[in-house]
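Student: See input_27.tsv below, with TSV, C-alpha atoms and all ligand atoms.
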```tsv
chain	number	residue	atom	x	y	z
A	1	MET	CA	-8.82	-18.22	-3.58
A	2	SER	CA	-9.86	-19.93	-0.34
A	3	THR	CA	-12.51	-18.41	1.91
A	4	ARG	CA	-9.73	-17.47	4.35
A	5	GLN	CA	-7.89	-15.58	1.66
A	6	GLN	CA	-11.03	-13.80	0.51
A	7	VAL	CA	-11.95	-12.79	4.06
A	8	LEU	CA	-8.39	-11.58	4.66
A	9	GLU	CA	-8.41	-9.56	1.45
A	10	LEU	CA	-11.71	-7.92	2.38
A	11	LEU	CA	-10.49	-7.04	5.88
A	12	LYS	CA	-7.23	-5.67	4.53
A	13	ASN	CA	-9.05	-3.47	2.06
A	14	THR	CA	-11.53	-2.08	4.59
A	15	SER	CA	-10.50	0.45	7.20
A	16	GLY	CA	-13.61	0.14	9.41
A	17	PHE	CA	-15.66	-2.80	10.64
A	18	LEU	CA	-17.40	-5.35	8.41
A	19	SER	CA	-20.19	-7.48	9.81
A	20	GLY	CA	-20.16	-11.24	9.36
A	21	GLN	CA	-23.23	-10.92	7.12
A	22	GLU	CA	-21.59	-8.23	4.96
A	23	ILE	CA	-18.53	-10.41	4.45
A	24	ALA	CA	-20.72	-13.45	3.74
A	25	ASP	CA	-22.73	-11.52	1.13
A	26	LYS	CA	-19.64	-10.15	-0.59
A	27	ILE	CA	-17.95	-13.50	-1.08
A	28	TYR	CA	-21.06	-15.68	-1.40
A	29	VAL	CA	-20.49	-17.96	1.61
A	30	THR	CA	-22.44	-18.60	4.83
A	31	ARG	CA	-21.87	-16.63	8.04
A	32	ALA	CA	-20.63	-19.85	9.61
A	33	ALA	CA	-17.95	-20.10	6.91
A	34	VAL	CA	-16.92	-16.49	7.62
A	35	TRP	CA	-16.65	-17.24	11.35
A	36	LYS	CA	-14.53	-20.33	10.59
A	37	ALA	CA	-12.26	-18.27	8.36
A	38	ILE	CA	-11.87	-15.57	11.03
A	39	LYS	CA	-10.89	-18.20	13.62
A	40	ALA	CA	-8.38	-19.73	11.20
A	41	LEU	CA	-6.83	-16.31	10.51
A	42	GLU	CA	-6.55	-15.62	14.23
A	43	LYS	CA	-4.82	-18.97	14.64
A	44	ASP	CA	-2.46	-17.90	11.87
A	45	GLY	CA	-1.48	-14.89	14.00
A	46	TYR	CA	-3.73	-12.17	12.60
A	47	GLN	CA	-5.13	-9.87	15.26
A	48	ILE	CA	-8.78	-9.20	14.50
A	49	ASP	CA	-11.12	-6.98	16.52
A	50	ALA	CA	-14.53	-8.65	16.89
A	51	VAL	CA	-17.14	-6.24	18.28
A	52	THR	CA	-20.81	-7.06	18.85
A	53	ASN	CA	-23.13	-5.23	16.45
A	54	LYS	CA	-20.17	-3.93	14.46
A	55	GLY	CA	-18.36	-6.97	13.15
A	56	TYR	CA	-14.71	-7.59	12.34
A	57	ARG	CA	-11.72	-5.35	11.74
A	58	LEU	CA	-8.09	-6.19	11.13
A	59	LYS	CA	-5.75	-4.52	13.61
A	60	ALA	CA	-3.49	-2.17	11.73
A	61	ASP	CA	-0.11	-3.19	13.07
A	62	ILE	CA	0.12	-6.76	11.83
A	63	GLN	CA	3.68	-7.70	11.20
A	64	LYS	CA	3.58	-11.44	10.85
A	65	MET	CA	4.66	-13.28	7.78
A	66	SER	CA	1.75	-15.36	6.59
A	67	GLY	CA	1.28	-17.95	3.87
A	68	GLU	CA	-2.27	-16.69	3.37
A	69	SER	CA	-1.14	-13.13	2.76
A	70	ILE	CA	1.67	-14.10	0.42
A	71	ALA	CA	-0.68	-16.37	-1.54
A	72	MET	CA	-3.22	-13.57	-1.72
A	73	TYR	CA	-0.68	-11.13	-3.17
A	74	LEU	CA	0.51	-13.79	-5.61
A	75	SER	CA	-3.08	-14.28	-6.75
A	76	GLU	CA	-3.39	-10.54	-7.30
A	77	ASN	CA	-0.22	-10.75	-9.41
A	78	GLY	CA	-1.65	-13.60	-11.47
A	79	ILE	CA	0.53	-16.49	-10.31
A	80	GLY	CA	-1.41	-17.68	-7.28
A	81	ASP	CA	-2.59	-20.89	-8.93
A	82	GLU	CA	0.80	-21.93	-10.22
A	83	LEU	CA	2.88	-21.86	-7.05
A	84	ALA	CA	1.82	-23.14	-3.63
A	85	VAL	CA	3.21	-21.23	-0.64
A	86	HIS	CA	4.24	-23.36	2.35
A	87	TYR	CA	4.59	-21.24	5.45
A	88	PHE	CA	6.23	-22.24	8.75
A	89	GLU	CA	6.68	-20.44	12.03
A	90	ASN	CA	10.11	-22.00	12.31
A	91	LEU	CA	12.33	-24.32	10.25
A	92	ASP	CA	15.94	-25.35	10.43
A	93	SER	CA	16.43	-24.07	6.89
A	94	THR	CA	13.89	-23.34	4.15
A	95	ASN	CA	16.49	-24.50	1.59
A	96	ASP	CA	16.84	-27.87	3.30
A	97	TYR	CA	13.09	-28.26	3.56
A	98	ALA	CA	12.69	-27.43	-0.13
A	99	LYS	CA	15.36	-29.97	-1.06
A	100	GLU	CA	13.49	-32.67	0.82
A	101	PHE	CA	10.24	-31.59	-0.85
A	102	SER	CA	11.83	-31.91	-4.31
A	103	LYS	CA	10.95	-35.63	-4.25
A	104	THR	CA	7.39	-34.56	-5.07
A	105	GLY	CA	8.45	-32.92	-8.32
A	106	ILE	CA	6.17	-29.97	-7.49
A	107	GLU	CA	7.26	-26.35	-7.82
A	108	ALA	CA	6.65	-24.46	-4.58
A	109	VAL	CA	7.73	-21.65	-2.27
A	110	PHE	CA	8.78	-22.18	1.35
A	111	VAL	CA	8.75	-19.32	3.83
A	112	ALA	CA	9.71	-19.39	7.50
A	113	GLU	CA	9.29	-16.70	10.16
A	114	SER	CA	12.60	-17.84	11.64
A	115	GLN	CA	15.30	-20.44	10.97
A	116	ASN	CA	17.41	-22.38	13.49
A	117	LYS	CA	20.15	-23.32	11.04
A	118	GLY	CA	19.85	-20.78	8.25
A	119	LYS	CA	22.60	-21.42	5.71
A	120	GLY	CA	24.72	-18.87	3.89
A	121	ARG	CA	27.23	-19.38	1.10
A	122	LYS	CA	30.52	-21.18	1.68
A	123	GLY	CA	29.16	-23.12	4.66
A	124	ARG	CA	28.47	-19.98	6.68
A	125	ASP	CA	25.48	-19.57	9.00
A	126	TYR	CA	22.73	-17.15	8.04
A	127	TYR	CA	21.30	-15.26	11.01
A	128	SER	CA	17.51	-15.71	10.81
A	129	PRO	CA	15.70	-14.27	13.85
A	130	LYS	CA	11.92	-13.96	13.90
A	131	GLY	CA	9.84	-10.86	13.28
A	132	THR	CA	12.25	-8.83	11.18
A	133	GLY	CA	13.43	-10.76	8.13
A	134	ILE	CA	12.31	-12.73	5.10
A	135	TYR	CA	13.59	-16.29	4.75
A	136	MET	CA	12.26	-18.00	1.67
A	137	SER	CA	13.19	-20.69	-0.85
A	138	LEU	CA	11.86	-21.29	-4.31
A	139	LEU	CA	11.90	-24.89	-5.56
A	140	LEU	CA	12.07	-25.31	-9.35
A	141	TYR	CA	13.06	-27.93	-11.92
A	142	PRO	CA	14.81	-26.03	-14.72
A	143	ASP	CA	15.66	-27.94	-17.86
A	144	VAL	CA	19.22	-26.59	-18.03
A	145	GLU	CA	22.82	-27.68	-17.55
A	146	PRO	CA	24.13	-27.13	-13.99
A	147	LYS	CA	26.57	-24.43	-15.10
A	148	LYS	CA	23.58	-22.25	-16.05
A	149	ALA	CA	22.34	-22.18	-12.46
A	150	THR	CA	24.45	-19.09	-11.69
A	151	MET	CA	22.28	-17.19	-14.14
A	152	TYR	CA	19.26	-17.91	-11.98
A	153	THR	CA	21.09	-16.63	-8.90
A	154	CYS	CA	21.76	-13.40	-10.77
A	155	MET	CA	18.18	-13.28	-12.04
A	156	MET	CA	17.02	-13.57	-8.43
A	157	ALA	CA	19.44	-10.85	-7.26
A	158	ASP	CA	18.01	-8.46	-9.85
A	159	CYS	CA	14.44	-9.44	-8.94
A	160	VAL	CA	15.07	-8.85	-5.22
A	161	CYS	CA	16.25	-5.30	-6.04
A	162	GLU	CA	13.29	-4.72	-8.37
A	163	ALA	CA	10.85	-5.93	-5.71
A	164	ILE	CA	12.45	-3.69	-3.07
A	165	LYS	CA	12.07	-0.77	-5.46
A	166	GLU	CA	8.44	-1.67	-6.14
A	167	VAL	CA	7.37	-2.26	-2.54
A	168	ALA	CA	9.62	0.06	-0.52
A	169	ASN	CA	10.70	2.54	-3.22
A	170	MET	CA	14.37	2.09	-2.35
A	171	GLU	CA	17.39	1.64	-4.64
A	172	THR	CA	19.72	-1.21	-3.73
A	173	SER	CA	22.92	-2.48	-5.36
A	174	ILE	CA	24.27	-5.92	-6.18
A	175	LYS	CA	27.67	-7.15	-5.14
A	176	TRP	CA	28.53	-9.95	-7.55
A	177	VAL	CA	27.46	-12.67	-7.36
A	178	ASN	CA	24.53	-12.62	-5.01
A	179	ASP	CA	24.67	-10.06	-2.23
A	180	ILE	CA	22.33	-7.08	-2.04
A	181	TYR	CA	23.60	-3.87	-0.47
A	182	LEU	CA	22.07	-0.67	0.83
A	183	ASN	CA	24.37	2.15	1.97
A	184	GLU	CA	27.41	-0.14	1.89
A	185	LYS	CA	25.79	-2.70	4.21
A	186	LYS	CA	24.64	-6.14	3.16
A	187	ILE	CA	20.89	-6.41	3.55
A	188	ALA	CA	20.18	-9.62	1.63
A	189	GLY	CA	21.86	-12.75	0.33
A	190	ILE	CA	21.00	-15.61	-1.99
A	191	LEU	CA	21.99	-19.24	-1.73
A	192	THR	CA	21.26	-21.44	-4.75
A	193	GLU	CA	21.55	-25.17	-4.31
A	194	GLY	CA	20.61	-28.08	-6.53
A	195	MET	CA	21.04	-31.63	-7.61
A	196	THR	CA	22.42	-32.70	-10.96
A	197	SER	CA	21.38	-35.73	-12.96
A	198	PHE	CA	24.66	-36.98	-14.48
A	199	GLU	CA	22.80	-39.22	-16.92
A	200	GLU	CA	20.80	-36.40	-18.39
A	201	GLY	CA	23.47	-33.74	-17.85
A	202	LYS	CA	20.93	-31.33	-16.37
A	203	MET	CA	19.58	-30.23	-13.06
A	204	SER	CA	17.16	-32.51	-11.21
A	205	TYR	CA	16.01	-29.61	-9.09
A	206	MET	CA	17.12	-26.16	-8.02
A	207	VAL	CA	16.45	-24.34	-4.74
A	208	ILE	CA	16.98	-20.59	-4.64
A	209	GLY	CA	17.05	-19.35	-1.05
A	210	VAL	CA	16.69	-15.65	-0.27
A	211	GLY	CA	17.34	-14.03	3.08
A	212	ILE	CA	16.54	-10.33	3.65
A	213	ASN	CA	17.01	-8.19	6.75
A	214	VAL	CA	13.87	-6.08	6.37
A	215	TYR	CA	14.15	-4.51	9.84
A	216	ALA	CA	16.94	-4.48	12.41
A	217	PRO	CA	16.81	-7.68	14.48
A	218	PHE	CA	15.19	-7.03	17.88
A	219	ASP	CA	18.39	-8.16	19.67
A	220	GLY	CA	20.78	-6.61	17.16
A	221	PHE	CA	23.06	-8.49	14.76
A	222	PRO	CA	25.56	-11.01	16.16
A	223	GLU	CA	29.07	-9.66	16.68
A	224	GLY	CA	30.55	-11.37	13.62
A	225	ILE	CA	28.31	-9.47	11.17
A	226	ALA	CA	27.40	-6.37	13.20
A	227	LYS	CA	29.76	-4.13	11.17
A	228	THR	CA	28.78	-5.38	7.73
A	229	ALA	CA	25.07	-6.22	8.00
A	230	GLY	CA	22.32	-3.68	7.41
A	231	TYR	CA	18.57	-3.62	7.02
A	232	LEU	CA	16.00	-2.05	4.75
A	233	LEU	CA	13.58	-0.18	7.00
A	234	ASN	CA	13.59	1.48	10.40
A	235	ASP	CA	9.90	1.49	11.00
A	236	THR	CA	8.01	-1.59	12.17
A	237	LYS	CA	4.63	0.12	12.26
A	238	GLY	CA	2.49	2.46	10.18
A	239	GLU	CA	3.30	2.50	6.49
A	240	SER	CA	5.26	-0.71	6.56
A	241	VAL	CA	2.24	-2.79	7.56
A	242	ASP	CA	2.42	-6.14	5.82
A	243	ILE	CA	5.54	-5.15	3.93
A	244	ARG	CA	7.33	-8.45	4.45
A	245	ASN	CA	4.46	-10.39	2.90
A	246	ARG	CA	4.20	-7.94	0.00
A	247	LEU	CA	7.93	-7.96	-0.59
A	248	CYS	CA	8.08	-11.73	-0.51
A	249	ALA	CA	5.22	-11.99	-3.04
A	250	SER	CA	6.76	-9.32	-5.24
A	251	ILE	CA	10.12	-11.14	-5.37
A	252	ILE	CA	8.43	-14.42	-6.27
A	253	THR	CA	6.31	-12.71	-8.93
A	254	HIS	CA	9.23	-10.88	-10.58
A	255	PHE	CA	11.35	-14.01	-10.61
A	256	TYR	CA	8.75	-16.58	-11.59
A	257	LYS	CA	7.50	-14.56	-14.55
A	258	LYS	CA	11.05	-14.10	-15.91
A	259	TYR	CA	11.95	-17.73	-15.20
A	260	LYS	CA	8.89	-19.07	-17.06
A	261	ALA	CA	9.42	-16.75	-20.01
A	262	ASN	CA	13.17	-17.48	-20.10
A	263	ASP	CA	13.51	-13.71	-20.08
A	264	LYS	CA	17.14	-12.57	-20.16
A	265	SER	CA	16.35	-8.88	-19.83
A	266	PHE	CA	17.43	-9.05	-16.18
A	267	ILE	CA	21.10	-9.06	-17.26
A	268	ASP	CA	21.07	-5.34	-18.06
A	269	GLY	CA	19.35	-4.65	-14.75
A	270	TYR	CA	21.87	-6.80	-12.90
A	271	ARG	CA	24.78	-5.01	-14.59
A	272	ASN	CA	23.34	-1.55	-13.91
A	273	LYS	CA	22.91	-2.34	-10.24
A	274	SER	CA	26.44	-3.68	-9.85
A	275	MET	CA	28.45	-1.95	-7.15
A	276	LEU	CA	31.72	-3.46	-8.41
A	277	ILE	CA	32.15	-2.16	-11.95
A	278	GLY	CA	35.01	0.35	-12.01
A	279	LYS	CA	36.22	-0.69	-8.53
A	280	TYR	CA	39.35	-2.51	-7.44
A	281	VAL	CA	38.61	-5.80	-5.74
A	282	LYS	CA	40.52	-8.40	-3.83
A	283	LEU	CA	39.95	-11.94	-5.06
A	284	LEU	CA	39.07	-14.06	-2.08
A	285	THR	CA	38.59	-17.44	-3.68
A	286	ALA	CA	40.09	-19.72	-6.29
A	287	GLY	CA	39.45	-19.20	-9.99
A	288	HIS	CA	42.05	-16.50	-10.58
A	289	ASP	CA	45.77	-16.39	-11.16
A	290	GLU	CA	47.40	-14.72	-8.18
A	291	LYS	CA	50.75	-14.46	-9.97
A	292	LYS	CA	49.28	-11.97	-12.42
A	293	THR	CA	49.09	-9.29	-9.76
A	294	SER	CA	51.44	-8.37	-7.01
A	295	LYS	CA	48.68	-7.38	-4.60
A	296	GLY	CA	45.98	-9.89	-5.50
A	297	TYR	CA	43.88	-6.91	-6.59
A	298	ALA	CA	42.11	-6.48	-9.90
A	299	LEU	CA	39.98	-3.84	-11.57
A	300	VAL	CA	36.42	-4.89	-12.39
A	301	THR	CA	35.74	-3.83	-15.97
A	302	GLY	CA	32.29	-5.30	-16.48
A	303	ILE	CA	29.82	-8.17	-16.23
A	304	ASP	CA	29.21	-10.19	-19.38
A	305	ASN	CA	26.00	-11.76	-20.68
A	306	GLU	CA	26.71	-14.94	-18.72
A	307	CYS	CA	26.97	-12.82	-15.55
A	308	HIS	CA	30.70	-13.53	-15.34
A	309	LEU	CA	32.83	-10.85	-13.69
A	310	GLN	CA	35.31	-9.25	-16.11
A	311	ILE	CA	38.54	-8.21	-14.42
A	312	LYS	CA	41.86	-6.65	-15.39
A	313	TYR	CA	45.08	-7.36	-13.51
A	314	ASP	CA	47.96	-4.96	-12.86
A	315	ASP	CA	49.91	-6.30	-15.83
A	316	GLY	CA	47.05	-5.54	-18.22
A	317	SER	CA	45.94	-9.15	-18.65
A	318	THR	CA	42.25	-9.94	-18.23
A	319	ASP	CA	40.16	-12.72	-16.79
A	320	SER	CA	36.54	-13.74	-16.51
A	321	LEU	CA	35.25	-15.19	-13.23
A	322	SER	CA	32.22	-17.46	-13.30
A	323	CYS	CA	32.00	-17.83	-9.54
A	324	GLY	CA	33.83	-16.89	-6.37
A	325	GLU	CA	33.90	-14.01	-3.98
A	326	VAL	CA	35.55	-10.62	-3.99
A	327	SER	CA	35.86	-7.74	-1.59
A	328	VAL	CA	36.14	-4.11	-2.58
A	329	VAL	CA	39.46	-2.45	-1.75
A	330	LYS	CA	40.66	1.11	-1.76
A	331	TYR	CA	43.53	1.19	-4.25
B	1	LIG	C1	24.47	-15.59	1.86
B	1	LIG	O1	24.35	-14.38	2.04
B	1	LIG	O2	25.57	-16.17	2.06
B	1	LIG	C2	23.29	-16.37	1.40
B	1	LIG	C3	22.19	-16.32	2.42
B	1	LIG	C4	20.97	-17.13	2.05
B	1	LIG	C5	19.99	-17.22	3.19
B	1	LIG	C6	18.68	-17.81	2.81
B	1	LIG	S1	17.46	-17.60	4.05
B	1	LIG	C7	16.41	-18.68	3.22
B	1	LIG	C8	17.26	-19.81	2.69
B	1	LIG	N1	17.41	-20.86	3.65
B	1	LIG	C9	18.66	-20.98	4.08
B	1	LIG	O3	19.05	-21.78	4.94
B	1	LIG	N2	19.44	-20.08	3.46
B	1	LIG	C10	18.68	-19.30	2.50
```
Represent the supplied structure as structure tokens.
Ligand code: BTN
Tutor:
Amino acid sequence: MSTRQQVLELLKNTSGFLSGQEIADKIYVTRAAVWKAIKALEKDGYQIDAVTNKGYRLKADIQKMSGESIAMYLSENGIGDELAVHYFENLDSTNDYAKEFSKTGIEAVFVAESQNKGKGRKGRDYYSPKGTGIYMSLLLYPDVEPKKATMYTCMMADCVCEAIKEVANMETSIKWVNDIYLNEKKIAGILTEGMTSFEEGKMSYMVIGVGINVYAPFDGFPEGIAKTAGYLLNDTKGESVDIRNRLCASIITHFYKKYKANDKSFIDGYRNKSMLIGKYVKLLTAGHDEKKTSKGYALVTGIDNECHLQIKYDDGSTDSLSCGEVSVVKY
């Protein structure tokens, strides 16, 4: 842990003031190093009270995303040394940045406070205003065939729900393949992108991008998504202090541990959180036979171990969808 991280951790875990000397003694550095760390944290956006004869205190209502904080929580979770966190005030798209970074061959996480050209699935835009959301991408180099990448999207969807449960104590549902819902509103989405090596028949790299509406955007949602988009929390003060950093770190931790262990246990979790099983859906994309049903509707009967959607048409015939998009219908 860097001196900055250690100072931040101390300040976060102390409600009152800590003098420069007290901090220095606790983490075995000089007072000058503490002062330097405080200045760096302030530059990073942390608001710190500095009072003569008392010392330093972190203001309670910090709401900024911060690479330092995320890294600190990752360290607490035991994966701080394995994954570097790259934080930006603003990027066009964390996915695009991660793709560019893949030339280094280094696993990493990219987080932005806001995005100018956030990307959603199917070429859609992803609304990414500052101060209220999480926009992050995980860059990995899995040794698998490209068709297995969907499994990682589903693994991430389950991990996002698990992290929300852990940090905010809220139950969310998954709309196959990769949308997270709360009270019938979409609060998070996942966009997995990658590059395939044709020679080796496996992925050269994979970028899993996650976007979460933690709070309502300050200026509201744009008209196109205002009816369907939701958010996790109402409160931007008090209990939710630092929640975006904690949630971000929790998602990374849940996912990275499962990814490294090749742990498939997420499939049961993914299935149990599905909001589609037992519902009639309309098939919005290719990959199904429209002639099998007069209405283009199908009943979702399950999700298999490959995370494929099992459906049954009007005529009793069945199908298994590996990708695509569906919408729930009343039928
Ligand atoms: C979707 O719901 O269609 C997927 C949304 C994915 C958005 C995230 S935000 C971080 C990452 N960077 C992007 O440009 N997109 C993903």
Student: Within 9 Å of (8.7, -13.7, -5.7) (file coordinates; only C-alpha atoms), which protein or nucleic acid residues are there? I'd like them as a ChimeraX atom specification.
Tutor: /A:74,109,138,156,159-160,163,247-257
Student: Calculate how many Å separate CA of Gly302 in chain A from CA of Tyr259 in chain A, rounding to one decimal.
Tutor: 23.9 Å
Student: Determine, counting all atoms listed in the file, which protein, DNA and RNA residues have an atom within 9 Å of an atom of range 38-49 of chain A; residues of the same chain fewer than 5 positions away are not included. Present the result as a list in words.
Tutor: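 That gives Arg4, Gln5, Val7, Leu8, Phe17, Ala33, Gly55, Tyr56, Arg57, Leu58, Lys59, Ala60, Asp61, Ile62, Gln63, Lys64, Met65, Ser66, Gly67 and Glu68 of chain A.
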Student: Using all atoms listed in the file, which protein or nucleic acid residues come within 8 Å of Gln310 in chain A? Drop anything in the same chain fewer than 5 positions from it, and give the result as an mmCIF file with C-alpha atoms, keeping the file's coordinate frame.
Tutor:
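Contents of around.cif, freshly written:
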```cif
data_model
loop_
_atom_site.group_PDB
_atom_site.id
_atom_site.type_symbol
_atom_site.label_atom_id
_atom_site.label_comp_id
_atom_site.auth_asym_id
_atom_site.auth_seq_id
_atom_site.Cartn_x
_atom_site.Cartn_y
_atom_site.Cartn_z
ATOM 1 C CA VAL A 300 36.420 -4.890 -12.390
ATOM 2 C CA THR A 301 35.740 -3.830 -15.970
ATOM 3 C CA GLY A 302 32.290 -5.300 -16.480
ATOM 4 C CA ILE A 303 29.820 -8.170 -16.230
ATOM 5 C CA ASP A 304 29.210 -10.190 -19.380
ATOM 6 C CA THR A 318 42.250 -9.940 -18.230
ATOM 7 C CA ASP A 319 40.160 -12.720 -16.790
ATOM 8 C CA SER A 320 36.540 -13.740 -16.510
ATOM 9 C CA LEU A 321 35.250 -15.190 -13.230
#
```
Student: Just checking: using only C-alpha atoms and all ligand atoms, which residue out of A:Gly201, A:Gly16, A:Gly131, A:Gly189 ends up closest to ligand LIG 1 (chain B)?
Tutor: A:Gly189
Student: Could you list the protein, DNA and RNA residues that have any atom within 10 Å of ligand LIG 1 (chain B), counting only C-alpha atoms and all ligand atoms, and write them as number ranges by chain?
Tutor: A: 91-98, 110-112, 114-128, 133-138, 178-180, 186-193, 207-213
Student: Selected residues, C-alpha atoms, written as a CSV table (one decimal), keeping the file's coordinate frame, please.
Tutor:
```csv
chain,number,residue,atom,x,y,z
A,91,LEU,CA,12.3,-24.3,10.2
A,92,ASP,CA,15.9,-25.4,10.4
A,93,SER,CA,16.4,-24.1,6.9
A,94,THR,CA,13.9,-23.3,4.2
A,95,ASN,CA,16.5,-24.5,1.6
A,96,ASP,CA,16.8,-27.9,3.3
A,97,TYR,CA,13.1,-28.3,3.6
A,98,ALA,CA,12.7,-27.4,-0.1
A,110,PHE,CA,8.8,-22.2,1.4
A,111,VAL,CA,8.8,-19.3,3.8
A,112,ALA,CA,9.7,-19.4,7.5
A,114,SER,CA,12.6,-17.8,11.6
A,115,GLN,CA,15.3,-20.4,11.0
A,116,ASN,CA,17.4,-22.4,13.5
A,117,LYS,CA,20.2,-23.3,11.0
A,118,GLY,CA,19.8,-20.8,8.2
A,119,LYS,CA,22.6,-21.4,5.7
A,120,GLY,CA,24.7,-18.9,3.9
A,121,ARG,CA,27.2,-19.4,1.1
A,122,LYS,CA,30.5,-21.2,1.7
A,123,GLY,CA,29.2,-23.1,4.7
A,124,ARG,CA,28.5,-20.0,6.7
A,125,ASP,CA,25.5,-19.6,9.0
A,126,TYR,CA,22.7,-17.2,8.0
A,127,TYR,CA,21.3,-15.3,11.0
A,128,SER,CA,17.5,-15.7,10.8
A,133,GLY,CA,13.4,-10.8,8.1
A,134,ILE,CA,12.3,-12.7,5.1
A,135,TYR,CA,13.6,-16.3,4.8
A,136,MET,CA,12.3,-18.0,1.7
A,137,SER,CA,13.2,-20.7,-0.8
A,138,LEU,CA,11.9,-21.3,-4.3
A,178,ASN,CA,24.5,-12.6,-5.0
A,179,ASP,CA,24.7,-10.1,-2.2
A,180,ILE,CA,22.3,-7.1,-2.0
A,186,LYS,CA,24.6,-6.1,3.2
A,187,ILE,CA,20.9,-6.4,3.6
A,188,ALA,CA,20.2,-9.6,1.6
A,189,GLY,CA,21.9,-12.8,0.3
A,190,ILE,CA,21.0,-15.6,-2.0
A,191,LEU,CA,22.0,-19.2,-1.7
A,192,THR,CA,21.3,-21.4,-4.8
A,193,GLU,CA,21.6,-25.2,-4.3
A,207,VAL,CA,16.4,-24.3,-4.7
A,208,ILE,CA,17.0,-20.6,-4.6
A,209,GLY,CA,17.0,-19.4,-1.0
A,210,VAL,CA,16.7,-15.6,-0.3
A,211,GLY,CA,17.3,-14.0,3.1
A,212,ILE,CA,16.5,-10.3,3.6
A,213,ASN,CA,17.0,-8.2,6.8
```
Student: Could you tell me how far CA of Ala37 in chain A lies from CA of Pro129 in chain A, in Å and to one decimal?
Tutor: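 CA of Pro129 in chain A lies 28.8 Å from CA of Ala37 in chain A.
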Student: For each of A:Lys312, A:Lys54, A:Pro142, A:Glu107, take the minimum atom-to-atom distance to Ala261 in chain A, counting only C-alpha atoms, then give the residue where this is smallest.
Tutor: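 Result for the nearest residue to Ala261 in chain A: A:Pro142.
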Student: What does the structure give for the distance between CA of Tyr73 in chain A and CA of Ala168 in chain A, in Å to one decimal?
Tutor: 15.4 Å
Student: So that I can see what lies close to Thr104 in chain A, please list as a count of residues only the residues with an atom at most 12 Å from it, counting only C-alpha atoms and leaving out residues fewer than 5 positions away in the same chain.
Tutor: 7
Student: Find the residue from A:Tyr87, A:Phe221, A:Glu199, A:Lys147 that sits nearest to Ala108 in chain A; use all atoms listed in the file when measuring.
Tutor: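 Going through A:Tyr87, A:Phe221, A:Glu199, A:Lys147 one by one, the smallest distance to Ala108 in chain A is for A:Tyr87.
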Student: Using all atoms listed in the file, which of A:Glu100, A:Glu200, A:Asp158, A:Glu306 sits nearest Cys323 in chain A?
Tutor: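 Checking each of A:Glu100, A:Glu200, A:Asp158, A:Glu306 against Cys323 in chain A, counting all atoms listed in the file, the winner is A:Glu306.
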Student: List the spatial neighbours of Val144 in chain A as a list in words - criterion: any atom at most 7 Å away, all atoms listed in the file, same-chain residues fewer than 4 positions off excluded.
Tutor: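 Result of the neighbour search: Lys148, Lys202 and Met203 of chain A.
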Student: Write out, as a compact mmCIF listing (two decimals), in the coordinates of the input, the residues just selected, with C-alpha atoms.
Tutor:
```txt
# COMPACT_ATOMS: atom_id res chain seq x y z
CA LYS A 148 23.58 -22.25 -16.05
CA LYS A 202 20.93 -31.33 -16.37
CA MET A 203 19.58 -30.23 -13.06
```
Student: Between A:Ser2, A:Thr228, A:Thr196, A:Thr52, which is the closest to Tyr181 in chain A once you count all atoms listed in the file?
Tutor: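 Distance minimum relative to Tyr181 in chain A lands on A:Thr228.
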Student: Would you mind telling me which residue in A:Glu171, A:Glu145, A:Glu184, A:Glu223 lies nearest to Phe198 in chain A when using only C-alpha atoms?
Tutor: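 Counting only C-alpha atoms, the residue closest to Phe198 in chain A is A:Glu145.
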Student: Skipping near chain neighbours, those fewer than 4 positions away, what residues fall within 12 Å of Arg271 in chain A using only C-alpha atoms, listed as a list in words?
Tutor: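 Returned residues: Cys154, Met155, Ala157, Asp158, Ser173, Ile174, Lys175, Trp176, Val177, Ser265, Phe266, Ile267, Met275, Leu276, Ile277, Gly278, Val300, Thr301, Gly302, Ile303, Asp304, Asn305, Glu306, Cys307, His308, Leu309 and Gln310 of chain A.
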Student: Mind filling out range 71-76 of chain A with N, CA, C and O atoms and sending it as a PDB file, in the coordinates of the input?
Tutor:
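Resulting contents of result_36.pdb:
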```pdb
ATOM      1  N   ALA A  71       0.108 -15.738  -0.469  1.00  0.00           N
ATOM      2  CA  ALA A  71      -0.680 -16.370  -1.540  1.00  0.00           C
ATOM      3  C   ALA A  71      -1.688 -15.375  -2.121  1.00  0.00           C
ATOM      4  O   ALA A  71      -1.915 -15.344  -3.336  1.00  0.00           O
ATOM      5  N   MET A  72      -2.247 -14.551  -1.245  1.00  0.00           N
ATOM      6  CA  MET A  72      -3.220 -13.570  -1.720  1.00  0.00           C
ATOM      7  C   MET A  72      -2.553 -12.563  -2.688  1.00  0.00           C
ATOM      8  O   MET A  72      -3.067 -12.271  -3.762  1.00  0.00           O
ATOM      9  N   TYR A  73      -1.381 -12.067  -2.290  1.00  0.00           N
ATOM     10  CA  TYR A  73      -0.680 -11.130  -3.170  1.00  0.00           C
ATOM     11  C   TYR A  73      -0.254 -11.806  -4.473  1.00  0.00           C
ATOM     12  O   TYR A  73      -0.272 -11.191  -5.541  1.00  0.00           O
ATOM     13  N   LEU A  74       0.139 -13.073  -4.383  1.00  0.00           N
ATOM     14  CA  LEU A  74       0.510 -13.790  -5.610  1.00  0.00           C
ATOM     15  C   LEU A  74      -0.695 -13.910  -6.542  1.00  0.00           C
ATOM     16  O   LEU A  74      -0.574 -13.754  -7.755  1.00  0.00           O
ATOM     17  N   SER A  75      -1.862 -14.188  -5.940  1.00  0.00           N
ATOM     18  CA  SER A  75      -3.080 -14.280  -6.750  1.00  0.00           C
ATOM     19  C   SER A  75      -3.339 -12.955  -7.455  1.00  0.00           C
ATOM     20  O   SER A  75      -3.667 -12.910  -8.643  1.00  0.00           O
ATOM     21  N   GLU A  76      -3.179 -11.864  -6.696  1.00  0.00           N
ATOM     22  CA  GLU A  76      -3.390 -10.540  -7.300  1.00  0.00           C
ATOM     23  C   GLU A  76      -2.430 -10.334  -8.479  1.00  0.00           C
ATOM     24  O   GLU A  76      -2.740  -9.665  -9.443  1.00  0.00           O
TER      25      GLU A  76
END
```
